Amino acid sequence: QHAATMCAALAMEGMKPVFAVYSTFLQRAYDQVVHDICRQNANVIFAIDRAGFVGPDGETHQGVYDIAFLRHIPNMVLMMPKDENELHRMMKTAVEYSDGPIAIRYPRVNALGVPIDKNITSLPIGQWETVREGDSAVILAIGPMLQVAEESAEQLKREGLNVRIVNARFIKPLDESMLLQLAKEGLHMIVLEEGSTQGGLGSAVLEFYSLHNKSYNGLVRIIGVPDEYIEHGSIPEQRKEAGLTGERVATELKAMLPLMRKRAQGPA
């Protein structure tokens, strides 16, 4: 709580503080984040470590609630990188951003070993990227769930299905233009996140369509952390317990296909 309020004060005096904190510990400073930082629109960078499952760190350290308790606060920008190179780009984005608080959440996993850009460039706020083309279905994923999405897409490719994968790297603001385009296409969609299904990215997507009175012609499923505490174990074990696996995603998508065909055919 003290660190959050101190960051707010530093920002109000013209500095650019970086608050590096575990996701689970940031919960303790919720009031300060709301009133001292976001209410003042202070230029504070949140570097949120241990976002998602934490493996042997233990049940109390799971970082699966920060999306739900941050994205609804006015003035907040929230993003998550797919790899270490994008993390570099997000940090540059955050340093250059001067319109209020901005948060980068990153997981407790090893880096993927991707090349780092020689010239790091910032990201357009709220812009997603399509990392795999496809016209059978679409998966919106964030962070390490991009790798899970790729696993499911490879499995489905062997079965003749081409799945589009979108790196939904900005959790707030959403990429509204892409969401509107997806609504026009009507592809059935899975939102994949290593965070609480209640109040997470999937909820944000559904809220967007509801608030903009946009009908989504496809089916939408959210695969995330269920409404229960995930116990101690390795990260692969925890993901398996929560159903965050490529096999689960592929199974869900295949189950949605007959429903899509039935809906397209209309009532008998």
# chains A, B, ... in the order shown; residues from 1 in each chain; ligands from 1
$ residues_around --residues "segment 76-83 of chain A" --least-positions-apart "3" --cutoff "10 Å" --atoms "only C-alpha atoms" --output "PyMOL selection string"
chain A and resi 33-34+37-39+41-42+44-46+48+51+66-67+70-73+86-91+94+97+99-107+110-116+125-126+141-147+167-174
$ select_by_dssp --residues "segment 75-249 of chain A" --states "strand (DSSP E or B)" --output "PyMOL selection string"
chain A and resi 77-79+102-105+129-132+137-141+163-167+170-172+189-196+220-225
$ closest_residue --among "A:Leu161, A:Gly63, A:Glu96, A:Val54" --to "His232 of chain A" --atoms "only C-alpha atoms"
A:Val54
$ closest_residue --among "A:Gly218, A:Gly134, A:Gly160, A:Gly58" --to "Ile230 of chain A" --atoms "only C-alpha atoms"
A:Gly58
$ closest_residue --among "A:Pro258, A:Gly52, A:Pro124, A:Pro74" --to "Val225 of chain A" --atoms "only C-alpha atoms"
A:Gly52
$ closest_residue --among "A:Leu140, A:Ala47, A:Ala183, A:Val249" --to "Ala153 of chain A" --atoms "only C-alpha atoms"
A:Val249
$ closest_residue --among "A:Ile235, A:Ile139, A:Leu156, A:Ala29" --to "Gln62 of chain A" --atoms "only C-alpha atoms"
A:Ile235
$ closest_residue --among "A:Glu185, A:Glu159, A:Glu231, A:Asp135" --to "Ser215 of chain A" --atoms "only C-alpha atoms"
A:Glu185
$ atom_distance --atom1 "atom CA of Met189 of chain A" --atom2 "atom CA of Ala137 of chain A"
6.0 Å
$ atom_distance --atom1 "atom CA of Arg248 of chain A" --atom2 "atom CA of Gln127 of chain A"
27.6 Å
$ residues_around --residues "His212 of chain A" --least-positions-apart "4" --cutoff "10 Å" --atoms "only C-alpha atoms" --output "number ranges by chain"
A: 180, 207-208
$ write_last_selection --atoms "all heavy atoms" --output "PDB file, in the first residue's frame"
ATOM      1  N   LEU A 180     -15.048  -5.796 -34.047  1.00  0.00           N
ATOM      2  CA  LEU A 180     -16.158  -5.524 -34.962  1.00  0.00           C
ATOM      3  C   LEU A 180     -16.007  -6.336 -36.245  1.00  0.00           C
ATOM      4  O   LEU A 180     -17.000  -6.830 -36.793  1.00  0.00           O
ATOM      5  CB  LEU A 180     -16.221  -4.031 -35.276  1.00  0.00           C
ATOM      6  CG  LEU A 180     -16.638  -3.127 -34.108  1.00  0.00           C
ATOM      7  CD1 LEU A 180     -16.497  -1.661 -34.492  1.00  0.00           C
ATOM      8  CD2 LEU A 180     -18.058  -3.435 -33.660  1.00  0.00           C
ATOM      9  N   GLU A 207     -18.751  -8.183 -22.930  1.00  0.00           N
ATOM     10  CA  GLU A 207     -19.275  -6.870 -22.540  1.00  0.00           C
ATOM     11  C   GLU A 207     -19.232  -5.907 -23.716  1.00  0.00           C
ATOM     12  O   GLU A 207     -20.167  -5.118 -23.922  1.00  0.00           O
ATOM     13  CB  GLU A 207     -18.459  -6.305 -21.375  1.00  0.00           C
ATOM     14  CG  GLU A 207     -18.685  -7.017 -20.052  1.00  0.00           C
ATOM     15  CD  GLU A 207     -17.607  -6.675 -19.038  1.00  0.00           C
ATOM     16  OE1 GLU A 207     -16.836  -5.718 -19.283  1.00  0.00           O
ATOM     17  OE2 GLU A 207     -17.514  -7.372 -18.011  1.00  0.00           O
ATOM     18  N   PHE A 208     -18.143  -5.974 -24.488  1.00  0.00           N
ATOM     19  CA  PHE A 208     -18.005  -5.083 -25.633  1.00  0.00           C
ATOM     20  C   PHE A 208     -19.163  -5.273 -26.602  1.00  0.00           C
ATOM     21  O   PHE A 208     -19.799  -4.301 -27.035  1.00  0.00           O
ATOM     22  CB  PHE A 208     -16.679  -5.337 -26.354  1.00  0.00           C
ATOM     23  CG  PHE A 208     -16.566  -4.620 -27.669  1.00  0.00           C
ATOM     24  CD1 PHE A 208     -16.207  -3.280 -27.716  1.00  0.00           C
ATOM     25  CD2 PHE A 208     -16.851  -5.272 -28.864  1.00  0.00           C
ATOM     26  CE1 PHE A 208     -16.116  -2.608 -28.927  1.00  0.00           C
ATOM     27  CE2 PHE A 208     -16.770  -4.601 -30.084  1.00  0.00           C
ATOM     28  CZ  PHE A 208     -16.399  -3.268 -30.115  1.00  0.00           C
TER      29      PHE A 208
END
